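Coordinates as given in query-v9.cif (mmCIF, C-alpha atoms and all ligand atoms; chains and numbers go by the auth columns):
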data_model
#
loop_
_atom_site.group_PDB
_atom_site.id
_atom_site.type_symbol
_atom_site.label_atom_id
_atom_site.label_comp_id
_atom_site.label_asym_id
_atom_site.label_seq_id
_atom_site.Cartn_x
_atom_site.Cartn_y
_atom_site.Cartn_z
_atom_site.B_iso_or_equiv
_atom_site.auth_seq_id
_atom_site.auth_asym_id
ATOM 1 C CA MET A 1 121.594 83.662 172.977 0.00 97 A
ATOM 2 C CA SER A 2 121.181 82.994 176.751 0.00 98 A
ATOM 3 C CA THR A 3 123.182 85.114 179.211 0.00 99 A
ATOM 4 C CA ARG A 4 125.224 82.049 180.207 0.00 100 A
ATOM 5 C CA LEU A 5 126.084 81.281 176.591 0.00 101 A
ATOM 6 C CA SER A 6 126.879 84.895 175.790 0.00 102 A
ATOM 7 C CA ILE A 7 129.205 85.106 178.820 0.00 103 A
ATOM 8 C CA ALA A 8 130.972 81.910 177.719 0.00 104 A
ATOM 9 C CA HIS A 9 131.281 83.394 174.233 0.00 105 A
ATOM 10 C CA ALA A 10 132.741 86.610 175.679 0.00 106 A
ATOM 11 C CA GLN A 11 135.273 84.667 177.759 0.00 107 A
ATOM 12 C CA LYS A 12 136.449 82.701 174.709 0.00 108 A
ATOM 13 C CA ALA A 13 136.670 85.886 172.627 0.00 109 A
ATOM 14 C CA LEU A 14 138.615 87.622 175.425 0.00 110 A
ATOM 15 C CA ALA A 15 141.121 84.739 175.472 0.00 111 A
ATOM 16 C CA ASP A 16 141.544 85.111 171.685 0.00 112 A
ATOM 17 C CA LEU A 17 141.972 88.858 172.143 0.00 113 A
ATOM 18 C CA LYS A 18 144.743 88.265 174.666 0.00 114 A
ATOM 19 C CA HIS A 19 146.667 86.111 172.158 0.00 115 A
ATOM 20 C CA ALA A 20 146.255 88.744 169.445 0.00 116 A
ATOM 21 C CA THR A 21 147.387 91.521 171.804 0.00 117 A
ATOM 22 C CA ASP A 22 150.433 89.499 172.797 0.00 118 A
ATOM 23 C CA ARG A 23 151.584 89.429 169.166 0.00 119 A
ATOM 24 C CA CYS A 24 150.920 93.143 168.636 0.00 120 A
ATOM 25 C CA ARG A 25 153.895 95.321 167.646 0.00 121 A
ATOM 26 C CA GLU A 26 151.964 98.438 166.666 0.00 122 A
ATOM 27 C CA CYS A 27 154.146 100.506 169.000 0.00 123 A
ATOM 28 C CA PRO A 28 157.668 99.868 170.331 0.00 124 A
ATOM 29 C CA LEU A 29 156.506 98.601 173.747 0.00 125 A
ATOM 30 C CA GLY A 30 155.499 95.146 172.536 0.00 126 A
ATOM 31 C CA ALA A 31 159.016 94.116 171.543 0.00 127 A
ATOM 32 C CA ARG A 32 160.569 94.983 174.931 0.00 128 A
ATOM 33 C CA ALA A 33 157.977 93.607 177.327 0.00 129 A
ATOM 34 C CA THR A 34 157.712 89.978 178.402 0.00 130 A
ATOM 35 C CA GLN A 35 154.101 89.618 177.341 0.00 131 A
ATOM 36 C CA ALA A 36 150.879 91.574 176.883 0.00 132 A
ATOM 37 C CA VAL A 37 148.749 91.845 180.000 0.00 133 A
ATOM 38 C CA CYS A 38 145.041 92.001 179.240 0.00 134 A
ATOM 39 C CA GLY A 39 142.184 92.393 181.636 0.00 135 A
ATOM 40 C CA GLU A 40 140.720 89.787 183.931 0.00 136 A
ATOM 41 C CA GLY A 41 137.409 89.375 185.631 0.00 137 A
ATOM 42 C CA ARG A 42 133.797 88.960 184.935 0.00 138 A
ATOM 43 C CA PRO A 43 132.084 89.892 181.667 0.00 139 A
ATOM 44 C CA ARG A 44 128.988 92.126 182.082 0.00 140 A
ATOM 45 C CA PRO A 45 130.241 93.619 185.371 0.00 141 A
ATOM 46 C CA ALA A 46 128.801 96.622 187.147 0.00 142 A
ATOM 47 C CA VAL A 47 132.176 98.322 186.793 0.00 143 A
ATOM 48 C CA MET A 48 135.182 97.924 184.495 0.00 144 A
ATOM 49 C CA VAL A 49 138.305 99.256 186.200 0.00 145 A
ATOM 50 C CA VAL A 50 140.944 100.697 183.854 0.00 146 A
ATOM 51 C CA GLY A 51 144.489 101.483 184.978 0.00 147 A
ATOM 52 C CA GLU A 52 147.491 102.761 183.051 0.00 148 A
ATOM 53 C CA GLN A 53 149.730 99.855 182.021 0.00 149 A
ATOM 54 C CA PRO A 54 151.172 96.659 183.532 0.00 150 A
ATOM 55 C CA GLY A 55 154.036 97.140 185.977 0.00 151 A
ATOM 56 C CA ASP A 56 157.131 95.013 186.474 0.00 152 A
ATOM 57 C CA LYS A 57 155.361 92.211 188.347 0.00 153 A
ATOM 58 C CA GLU A 58 152.327 92.217 186.050 0.00 154 A
ATOM 59 C CA ASP A 59 154.662 91.973 183.046 0.00 155 A
ATOM 60 C CA ARG A 60 156.375 88.916 184.508 0.00 156 A
ATOM 61 C CA ASP A 61 153.221 87.223 185.860 0.00 157 A
ATOM 62 C CA GLY A 62 150.865 88.076 182.995 0.00 158 A
ATOM 63 C CA HIS A 63 148.058 89.325 185.259 0.00 159 A
ATOM 64 C CA PRO A 64 146.808 92.891 185.839 0.00 160 A
ATOM 65 C CA PHE A 65 147.100 94.709 189.184 0.00 161 A
ATOM 66 C CA VAL A 66 149.156 92.094 191.043 0.00 162 A
ATOM 67 C CA GLY A 67 152.003 94.449 192.091 0.00 163 A
ATOM 68 C CA PRO A 68 152.083 96.934 195.006 0.00 164 A
ATOM 69 C CA ALA A 69 149.448 99.226 193.428 0.00 165 A
ATOM 70 C CA GLY A 70 147.177 96.235 192.856 0.00 166 A
ATOM 71 C CA LYS A 71 147.557 95.198 196.499 0.00 167 A
ATOM 72 C CA LEU A 72 146.469 98.673 197.571 0.00 168 A
ATOM 73 C CA PHE A 73 143.501 98.468 195.230 0.00 169 A
ATOM 74 C CA ASP A 74 142.542 95.088 196.747 0.00 170 A
ATOM 75 C CA ARG A 75 142.720 96.620 200.227 0.00 171 A
ATOM 76 C CA ALA A 76 140.327 99.367 199.110 0.00 172 A
ATOM 77 C CA LEU A 77 137.952 96.808 197.584 0.00 173 A
ATOM 78 C CA GLU A 78 137.899 94.909 200.853 0.00 174 A
ATOM 79 C CA GLU A 79 137.039 98.116 202.761 0.00 175 A
ATOM 80 C CA LEU A 80 134.209 98.758 200.303 0.00 176 A
ATOM 81 C CA GLY A 81 132.825 95.228 200.469 0.00 177 A
ATOM 82 C CA TRP A 82 133.726 94.197 196.925 0.00 178 A
ATOM 83 C CA ARG A 83 135.776 91.322 195.535 0.00 179 A
ATOM 84 C CA ARG A 84 137.978 91.520 192.465 0.00 180 A
ATOM 85 C CA GLU A 85 136.027 88.677 190.785 0.00 181 A
ATOM 86 C CA GLN A 86 132.910 90.873 190.732 0.00 182 A
ATOM 87 C CA LEU A 87 134.656 93.399 188.488 0.00 183 A
ATOM 88 C CA TYR A 88 136.676 93.427 185.306 0.00 184 A
ATOM 89 C CA VAL A 89 140.130 94.955 185.765 0.00 185 A
ATOM 90 C CA THR A 90 142.355 96.016 182.875 0.00 186 A
ATOM 91 C CA ASN A 91 144.794 98.676 181.651 0.00 187 A
ATOM 92 C CA ALA A 92 144.679 101.267 178.880 0.00 188 A
ATOM 93 C CA VAL A 93 148.081 100.115 177.538 0.00 189 A
ATOM 94 C CA LYS A 94 148.761 96.403 177.292 0.00 190 A
ATOM 95 C CA HIS A 95 152.574 96.182 177.346 0.00 191 A
ATOM 96 C CA PHE A 96 154.921 97.354 180.127 0.00 192 A
ATOM 97 C CA LYS A 97 156.967 100.481 179.414 0.00 193 A
ATOM 98 C CA PHE A 98 160.143 100.780 181.452 0.00 194 A
ATOM 99 C CA GLU A 99 163.675 102.115 181.556 0.00 195 A
ATOM 100 C CA LEU A 100 166.582 100.012 182.753 0.00 196 A
ATOM 101 C CA ARG A 101 168.467 101.244 185.831 0.00 197 A
ATOM 102 C CA GLY A 102 171.135 98.605 186.316 0.00 198 A
ATOM 103 C CA LYS A 103 169.138 95.408 186.529 0.00 199 A
ATOM 104 C CA ARG A 104 165.975 97.161 187.683 0.00 200 A
ATOM 105 C CA ARG A 105 163.173 97.969 185.258 0.00 201 A
ATOM 106 C CA LEU A 106 161.623 101.258 186.303 0.00 202 A
ATOM 107 C CA HIS A 107 158.105 102.198 185.234 0.00 203 A
ATOM 108 C CA LYS A 108 157.855 104.865 182.535 0.00 204 A
ATOM 109 C CA THR A 109 154.593 106.582 181.707 0.00 205 A
ATOM 110 C CA PRO A 110 153.413 105.572 178.220 0.00 206 A
ATOM 111 C CA ALA A 111 153.524 108.333 175.615 0.00 207 A
ATOM 112 C CA GLN A 112 150.231 109.516 174.202 0.00 208 A
ATOM 113 C CA ARG A 113 151.111 108.007 170.790 0.00 209 A
ATOM 114 C CA GLU A 114 151.568 104.612 172.513 0.00 210 A
ATOM 115 C CA ALA A 115 148.268 104.923 174.384 0.00 211 A
ATOM 116 C CA ALA A 116 146.589 105.959 171.107 0.00 212 A
ATOM 117 C CA ALA A 117 148.073 102.960 169.260 0.00 213 A
ATOM 118 C CA CYS A 118 146.757 100.677 171.985 0.00 214 A
ATOM 119 C CA HIS A 119 143.304 102.199 172.181 0.00 215 A
ATOM 120 C CA HIS A 120 141.621 99.806 169.756 0.00 216 A
ATOM 121 C CA TRP A 121 142.568 96.864 171.998 0.00 217 A
ATOM 122 C CA LEU A 122 140.834 98.536 174.925 0.00 218 A
ATOM 123 C CA GLU A 123 137.752 99.215 172.816 0.00 219 A
ATOM 124 C CA ASP A 124 137.705 95.573 171.674 0.00 220 A
ATOM 125 C CA GLU A 125 137.863 94.515 175.308 0.00 221 A
ATOM 126 C CA ILE A 126 135.034 96.912 176.229 0.00 222 A
ATOM 127 C CA ASP A 127 132.873 95.551 173.390 0.00 223 A
ATOM 128 C CA LEU A 128 133.281 92.022 174.752 0.00 224 A
ATOM 129 C CA VAL A 129 133.038 92.828 178.478 0.00 225 A
ATOM 130 C CA ARG A 130 130.107 95.260 178.152 0.00 226 A
ATOM 131 C CA PRO A 131 130.324 96.865 181.603 0.00 227 A
ATOM 132 C CA HIS A 132 127.648 99.151 183.011 0.00 228 A
ATOM 133 C CA SER A 133 130.204 101.811 183.991 0.00 229 A
ATOM 134 C CA PHE A 134 133.936 102.584 184.155 0.00 230 A
ATOM 135 C CA LEU A 135 136.375 103.525 186.891 0.00 231 A
ATOM 136 C CA ALA A 136 139.432 105.242 185.385 0.00 232 A
ATOM 137 C CA LEU A 137 142.524 105.100 187.592 0.00 233 A
ATOM 138 C CA GLY A 138 144.898 107.892 186.617 0.00 234 A
ATOM 139 C CA ALA A 139 145.329 110.264 183.693 0.00 235 A
ATOM 140 C CA THR A 140 146.202 107.722 180.991 0.00 236 A
ATOM 141 C CA ALA A 141 143.065 105.679 181.668 0.00 237 A
ATOM 142 C CA ALA A 142 140.912 108.795 181.998 0.00 238 A
ATOM 143 C CA ARG A 143 142.123 110.126 178.652 0.00 239 A
ATOM 144 C CA ALA A 144 141.638 106.754 176.956 0.00 240 A
ATOM 145 C CA LEU A 145 138.042 106.551 178.198 0.00 241 A
ATOM 146 C CA LEU A 146 136.953 110.182 177.932 0.00 242 A
ATOM 147 C CA GLY A 147 138.813 110.878 174.691 0.00 243 A
ATOM 148 C CA ARG A 148 140.473 114.081 175.913 0.00 244 A
ATOM 149 C CA PRO A 149 143.215 115.162 178.322 0.00 245 A
ATOM 150 C CA VAL A 150 141.980 114.951 181.932 0.00 246 A
ATOM 151 C CA ALA A 151 143.282 116.817 185.007 0.00 247 A
ATOM 152 C CA VAL A 152 142.616 114.020 187.475 0.00 248 A
ATOM 153 C CA THR A 153 142.883 116.091 190.658 0.00 249 A
ATOM 154 C CA ARG A 154 140.292 118.540 189.310 0.00 250 A
ATOM 155 C CA GLU A 155 137.888 116.018 187.778 0.00 251 A
ATOM 156 C CA ARG A 156 138.091 113.172 190.258 0.00 252 A
ATOM 157 C CA GLY A 157 135.176 111.677 192.151 0.00 253 A
ATOM 158 C CA ARG A 158 132.180 112.509 189.959 0.00 254 A
ATOM 159 C CA TRP A 159 130.371 110.714 187.192 0.00 255 A
ATOM 160 C CA GLN A 160 130.995 111.943 183.668 0.00 256 A
ATOM 161 C CA GLU A 161 130.025 110.608 180.271 0.00 257 A
ATOM 162 C CA ASP A 162 132.362 109.582 177.507 0.00 258 A
ATOM 163 C CA PRO A 163 131.582 110.754 173.943 0.00 259 A
ATOM 164 C CA THR A 164 129.229 107.780 173.486 0.00 260 A
ATOM 165 C CA GLY A 165 127.365 108.388 176.765 0.00 261 A
ATOM 166 C CA ARG A 166 129.070 105.693 178.848 0.00 262 A
ATOM 167 C CA PRO A 167 129.423 106.620 182.556 0.00 263 A
ATOM 168 C CA VAL A 168 133.018 107.120 183.701 0.00 264 A
ATOM 169 C CA LEU A 169 134.338 108.045 187.150 0.00 265 A
ATOM 170 C CA VAL A 170 137.934 109.284 187.339 0.00 266 A
ATOM 171 C CA THR A 171 140.238 109.054 190.334 0.00 267 A
ATOM 172 C CA LEU A 172 143.921 108.652 191.158 0.00 268 A
ATOM 173 C CA HIS A 173 145.886 105.585 190.199 0.00 269 A
ATOM 174 C CA PRO A 174 146.850 103.710 193.396 0.00 270 A
ATOM 175 C CA SER A 175 150.544 104.130 192.540 0.00 271 A
ATOM 176 C CA ALA A 176 150.054 107.897 193.105 0.00 272 A
ATOM 177 C CA LEU A 177 149.099 107.132 196.716 0.00 273 A
ATOM 178 C CA LEU A 178 152.170 104.922 197.137 0.00 274 A
ATOM 179 C CA ARG A 179 154.420 107.693 195.811 0.00 275 A
ATOM 180 C CA GLY A 180 152.713 110.496 197.748 0.00 276 A
ATOM 181 C CA ASP A 181 153.952 112.417 200.786 0.00 277 A
ATOM 182 C CA PRO A 182 153.926 109.969 203.755 0.00 278 A
ATOM 183 C CA ALA A 183 152.583 112.738 206.020 0.00 279 A
ATOM 184 C CA GLN A 184 149.527 113.084 203.753 0.00 280 A
ATOM 185 C CA ARG A 185 149.047 109.385 203.128 0.00 281 A
ATOM 186 C CA GLU A 186 146.154 108.798 205.526 0.00 282 A
ATOM 187 C CA ASP A 187 144.157 111.751 204.180 0.00 283 A
ATOM 188 C CA ALA A 188 144.928 110.750 200.583 0.00 284 A
ATOM 189 C CA TRP A 189 143.756 107.207 201.312 0.00 285 A
ATOM 190 C CA LYS A 190 140.451 108.427 202.794 0.00 286 A
ATOM 191 C CA ALA A 191 139.810 110.787 199.870 0.00 287 A
ATOM 192 C CA TRP A 192 140.571 108.007 197.398 0.00 288 A
ATOM 193 C CA LEU A 193 138.192 105.637 199.188 0.00 289 A
ATOM 194 C CA GLU A 194 135.474 108.288 198.963 0.00 290 A
ATOM 195 C CA ASP A 195 135.961 108.459 195.184 0.00 291 A
ATOM 196 C CA LEU A 196 135.906 104.692 194.859 0.00 292 A
ATOM 197 C CA ARG A 197 132.784 104.466 197.028 0.00 293 A
ATOM 198 C CA ILE A 198 130.864 106.484 194.414 0.00 294 A
ATOM 199 C CA ALA A 199 131.799 104.015 191.664 0.00 295 A
ATOM 200 C CA LEU A 200 131.556 100.973 193.950 0.00 296 A
ATOM 201 C CA PRO A 201 128.726 101.593 196.410 0.00 297 A
ATOM 202 C CA ARG A 202 128.328 99.021 199.151 0.00 298 A
ATOM 203 C CA LYS A 203 125.802 96.403 198.109 0.00 299 A
ATOM 204 C CA ALA A 204 122.649 96.084 200.187 0.00 300 A
HETATM 205 S S1 LIG B . 151.394 98.527 173.942 0.00 1 B
HETATM 206 FE FE1 LIG B . 149.492 98.164 172.795 0.00 1 B
HETATM 207 S S2 LIG B . 149.857 99.045 170.740 0.00 1 B
HETATM 208 FE FE2 LIG B . 151.848 98.837 171.766 0.00 1 B
HETATM 209 S S3 LIG B . 152.579 96.850 171.055 0.00 1 B
HETATM 210 FE FE3 LIG B . 151.519 96.517 173.001 0.00 1 B
HETATM 211 S S4 LIG B . 149.429 95.961 172.467 0.00 1 B
HETATM 212 FE FE4 LIG B . 150.380 96.881 170.646 0.00 1 B
#
Written as structure tokens, how would this file's structure read?
Ligand code: SF4
Amino acid sequence: MSTRLSIAHAQKALADLKHATDRCRECPLGARATQAVCGEGRPRPAVMVVGEQPGDKEDRDGHPFVGPAGKLFDRALEELGWRREQLYVTNAVKHFKFELRGKRRLHKTPAQREAAACHHWLEDEIDLVRPHSFLALGATAARALLGRPVAVTRERGRWQEDPTGRPVLVTLHPSALLRGDPAQREDAWKAWLEDLRIALPRKA
């Protein structure tokens, strides 16, 4: 099969996967969210970026990384000379977990049992996308990819291998920078960019 045909095949299969994920009710999150949010981007990328779960805006729009954390990620990509379309961007958990505070839906970290229930969807996506390497943003993504609990602040910024030998680089989720101490924000931003630069080196 030519590369062009196999990419077209992967795109069609990814669209089918999105429909199947949308109907999934293997954990309680599917029934409460608006829709499943699967990954977007280019099959066979240099890097597959994996975050935690869709946020409020992603849940409503149906696209990954389009909220405030996604905007910060886009700003980092621009600094590093990359465009989103060159990557594949997804989340470890496909439905939005939240708690209601009045009319606001506040993000809640998915439980490990929910991330575990969702793991086969991520693996299906990986099988179709076939990236060269992975960038895990935050602890949920790092655990999903490395198959063990990960202390992100201790393990960030270096290449590791998952149990099957796939290269994975772990760093903070951009929402951690948004929540962080404003006085430390500039330093945190620079350190985060340094991590990302290892996974996303500037192209010649
Ligand atoms: S979060 Fe994952 S496992 Fe849970 S219902 Fe959604 S797709 Fe299924």
Answer key for the PyMOL selection byres (((chain A and resi 245-261) around 9) and not hetatm), residues as a ChimeraX atom specification: /A:233-236,238-244,262-268,288,290-292,294-295
Non-local contacts of Val225 (chain A) (12 Å; only C-alpha atoms; under 5 positions in same chain excluded) as an NGL selection string: :A and (102-111 or 113 or 135-145 or 183-186 or 218-220 or 230)
Which one of A:Val189, A:Leu202, A:Ile222, A:Leu231 sits closest to ligand LIG 1 (chain B) if you count all atoms listed in the file?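 Under the stated criterion, the closest residue is A:Val189.
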Of the residues A:Glu221, A:Glu282, A:Glu210, A:Asp157, which is the one nearest to ligand LIG 1 (chain B), using all atoms listed in the file?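 Checking each candidate against ligand LIG 1 (chain B), we get A:Glu210 as the closest.
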Show me which residues are within 6 Å of ligand LIG 1 (chain B) counting all atoms listed in the file, and format the list as a list in words.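 So, counting all atoms listed in the file, the residues near ligand LIG 1 (chain B) are Thr117, Cys120, Arg121, Glu122, Cys123, Pro124, Leu125, Gly126, Val189, Lys190, His191, Glu210, Ala213 and Cys214 of chain A.
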Selected residue of minimal separation from Gly151 (chain A) among A:Val133, A:Leu176, A:Leu168, A:Ala127, counting only C-alpha atoms: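 Closest to Gly151 (chain A), using only C-alpha atoms: A:Val133.
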Please evaluate the PyMOL selection byres (((chain A and resi 164) around 10) and not hetatm) against the structure above and give the resulting residues as a PDB file with C-alpha atoms, in the frame of the given file.
ATOM      1  CA  GLY A 151     154.036  97.140 185.977  1.00  0.00           C
ATOM      2  CA  LYS A 153     155.361  92.211 188.347  1.00  0.00           C
ATOM      3  CA  PHE A 161     147.100  94.709 189.184  1.00  0.00           C
ATOM      4  CA  VAL A 162     149.156  92.094 191.043  1.00  0.00           C
ATOM      5  CA  GLY A 163     152.003  94.449 192.091  1.00  0.00           C
ATOM      6  CA  ALA A 165     149.448  99.226 193.428  1.00  0.00           C
ATOM      7  CA  GLY A 166     147.177  96.235 192.856  1.00  0.00           C
ATOM      8  CA  LYS A 167     147.557  95.198 196.499  1.00  0.00           C
ATOM      9  CA  LEU A 168     146.469  98.673 197.571  1.00  0.00           C
ATOM     10  CA  PHE A 169     143.501  98.468 195.230  1.00  0.00           C
ATOM     11  CA  ASP A 170     142.542  95.088 196.747  1.00  0.00           C
ATOM     12  CA  PRO A 270     146.850 103.710 193.396  1.00  0.00           C
ATOM     13  CA  SER A 271     150.544 104.130 192.540  1.00  0.00           C
ATOM     14  CA  LEU A 274     152.170 104.922 197.137  1.00  0.00           C
TER      15      LEU A 274
END
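One finds CA of His269 (chain A) at 16.7 Å from CA of Ala207 (chain A).
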Let me make sure I understand: among A:Lys199, A:Cys134, A:Glu148, A:Pro297, which one has the smallest atom-to-atom distance to Lys114 (chain A) if we use all atoms listed in the file?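 Using all atoms listed in the file, the shortest distance to Lys114 (chain A) belongs to A:Cys134.
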Report, in Å to a single decimal, how far apart CA of Arg226 (chain A) and CA of Thr205 (chain A) are.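 Pair CA of Thr205 (chain A) / CA of Arg226 (chain A) returns 27.2 Å.
Minimum atom-to-atom distances from A:Ala212, A:Leu289, A:Ala279, A:Ala188 to Gly147 (chain A) were compared using only C-alpha atoms, and the lowest value belongs to A:Ala188.
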Tell me, in Å to one decimal, how far CA of Arg180 (chain A) is from CA of Glu154 (chain A).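 For CA of Arg180 (chain A) relative to CA of Glu154 (chain A), the distance reads 15.7 Å.
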Could you work out an axis-aligned bounding box for all listed atoms of region 275-281 of chain A, with 8 Å added on each of the six sides, and give its centre and edge lengths in Å to one decimal, as JSON?
{"center_x": 151.7, "center_y": 110.4, "center_z": 200.9, "size_x": 21.4, "size_y": 21.4, "size_z": 26.2}
Extract, using only C-alpha atoms, all DNA, RNA and protein residues at most 7 Å from Lys204 (chain A), discarding same-chain residues fewer than 6 positions from it, and format them as a PyMOL selection string. chain A and resi 193-195
Final N, CA and C atoms of region 116-137 of chain A as a PDB file, keeping the file's coordinate frame:
ATOM      1  N   ALA A 116     146.005  87.767 170.509  1.00  0.00           N
ATOM      2  CA  ALA A 116     146.255  88.744 169.445  1.00  0.00           C
ATOM      3  C   ALA A 116     147.048  89.932 169.990  1.00  0.00           C
ATOM      4  N   THR A 117     146.698  90.378 171.193  1.00  0.00           N
ATOM      5  CA  THR A 117     147.387  91.521 171.804  1.00  0.00           C
ATOM      6  C   THR A 117     148.851  91.179 172.070  1.00  0.00           C
ATOM      7  N   ASP A 118     149.077  89.945 172.488  1.00  0.00           N
ATOM      8  CA  ASP A 118     150.433  89.499 172.797  1.00  0.00           C
ATOM      9  C   ASP A 118     151.352  89.604 171.568  1.00  0.00           C
ATOM     10  N   ARG A 119     150.779  89.385 170.398  1.00  0.00           N
ATOM     11  CA  ARG A 119     151.584  89.429 169.166  1.00  0.00           C
ATOM     12  C   ARG A 119     151.717  90.850 168.611  1.00  0.00           C
ATOM     13  N   CYS A 120     150.952  91.782 169.187  1.00  0.00           N
ATOM     14  CA  CYS A 120     150.920  93.143 168.636  1.00  0.00           C
ATOM     15  C   CYS A 120     152.297  93.821 168.729  1.00  0.00           C
ATOM     16  N   ARG A 121     152.670  94.501 167.654  1.00  0.00           N
ATOM     17  CA  ARG A 121     153.895  95.321 167.646  1.00  0.00           C
ATOM     18  C   ARG A 121     153.585  96.676 167.009  1.00  0.00           C
ATOM     19  N   GLU A 122     152.386  97.178 167.283  1.00  0.00           N
ATOM     20  CA  GLU A 122     151.964  98.438 166.666  1.00  0.00           C
ATOM     21  C   GLU A 122     152.639  99.650 167.293  1.00  0.00           C
ATOM     22  N   CYS A 123     153.287  99.462 168.438  1.00  0.00           N
ATOM     23  CA  CYS A 123     154.146 100.506 169.000  1.00  0.00           C
ATOM     24  C   CYS A 123     155.377  99.792 169.555  1.00  0.00           C
ATOM     25  N   PRO A 124     156.412 100.532 169.946  1.00  0.00           N
ATOM     26  CA  PRO A 124     157.668  99.868 170.331  1.00  0.00           C
ATOM     27  C   PRO A 124     157.584  99.062 171.636  1.00  0.00           C
ATOM     28  N   LEU A 125     156.527  99.243 172.425  1.00  0.00           N
ATOM     29  CA  LEU A 125     156.506  98.601 173.747  1.00  0.00           C
ATOM     30  C   LEU A 125     156.408  97.081 173.667  1.00  0.00           C
ATOM     31  N   GLY A 126     155.733  96.581 172.633  1.00  0.00           N
ATOM     32  CA  GLY A 126     155.499  95.146 172.536  1.00  0.00           C
ATOM     33  C   GLY A 126     156.775  94.333 172.440  1.00  0.00           C
ATOM     34  N   ALA A 127     157.781  94.880 171.759  1.00  0.00           N
ATOM     35  CA  ALA A 127     159.016  94.116 171.543  1.00  0.00           C
ATOM     36  C   ALA A 127     159.870  94.025 172.803  1.00  0.00           C
ATOM     37  N   ARG A 128     159.710  94.956 173.738  1.00  0.00           N
ATOM     38  CA  ARG A 128     160.569  94.983 174.931  1.00  0.00           C
ATOM     39  C   ARG A 128     159.956  94.260 176.121  1.00  0.00           C
ATOM     40  N   ALA A 129     158.642  94.194 176.162  1.00  0.00           N
ATOM     41  CA  ALA A 129     157.977  93.607 177.327  1.00  0.00           C
ATOM     42  C   ALA A 129     158.006  92.080 177.244  1.00  0.00           C
ATOM     43  N   THR A 130     157.739  91.444 178.378  1.00  0.00           N
ATOM     44  CA  THR A 130     157.712  89.978 178.402  1.00  0.00           C
ATOM     45  C   THR A 130     156.486  89.443 177.684  1.00  0.00           C
ATOM     46  N   GLN A 131     155.366  90.088 177.910  1.00  0.00           N
ATOM     47  CA  GLN A 131     154.101  89.618 177.341  1.00  0.00           C
ATOM     48  C   GLN A 131     153.067  90.749 177.459  1.00  0.00           C
ATOM     49  N   ALA A 132     151.996  90.641 176.699  1.00  0.00           N
ATOM     50  CA  ALA A 132     150.879  91.574 176.883  1.00  0.00           C
ATOM     51  C   ALA A 132     150.097  91.150 178.125  1.00  0.00           C
ATOM     52  N   VAL A 133     149.591  92.145 178.838  1.00  0.00           N
ATOM     53  CA  VAL A 133     148.749  91.845 180.000  1.00  0.00           C
ATOM     54  C   VAL A 133     147.373  92.425 179.732  1.00  0.00           C
ATOM     55  N   CYS A 134     146.415  91.543 179.478  1.00  0.00           N
ATOM     56  CA  CYS A 134     145.041  92.001 179.240  1.00  0.00           C
ATOM     57  C   CYS A 134     144.262  91.954 180.540  1.00  0.00           C
ATOM     58  N   GLY A 135     143.008  92.331 180.441  1.00  0.00           N
ATOM     59  CA  GLY A 135     142.184  92.393 181.636  1.00  0.00           C
ATOM     60  C   GLY A 135     141.749  91.021 182.119  1.00  0.00           C
ATOM     61  N   GLU A 136     141.265  91.021 183.346  1.00  0.00           N
ATOM     62  CA  GLU A 136     140.720  89.787 183.931  1.00  0.00           C
ATOM     63  C   GLU A 136     139.483  90.143 184.731  1.00  0.00           C
ATOM     64  N   GLY A 137     138.598  89.177 184.819  1.00  0.00           N
ATOM     65  CA  GLY A 137     137.409  89.375 185.631  1.00  0.00           C
ATOM     66  C   GLY A 137     136.177  88.886 184.930  1.00  0.00           C
TER      67      GLY A 137
END
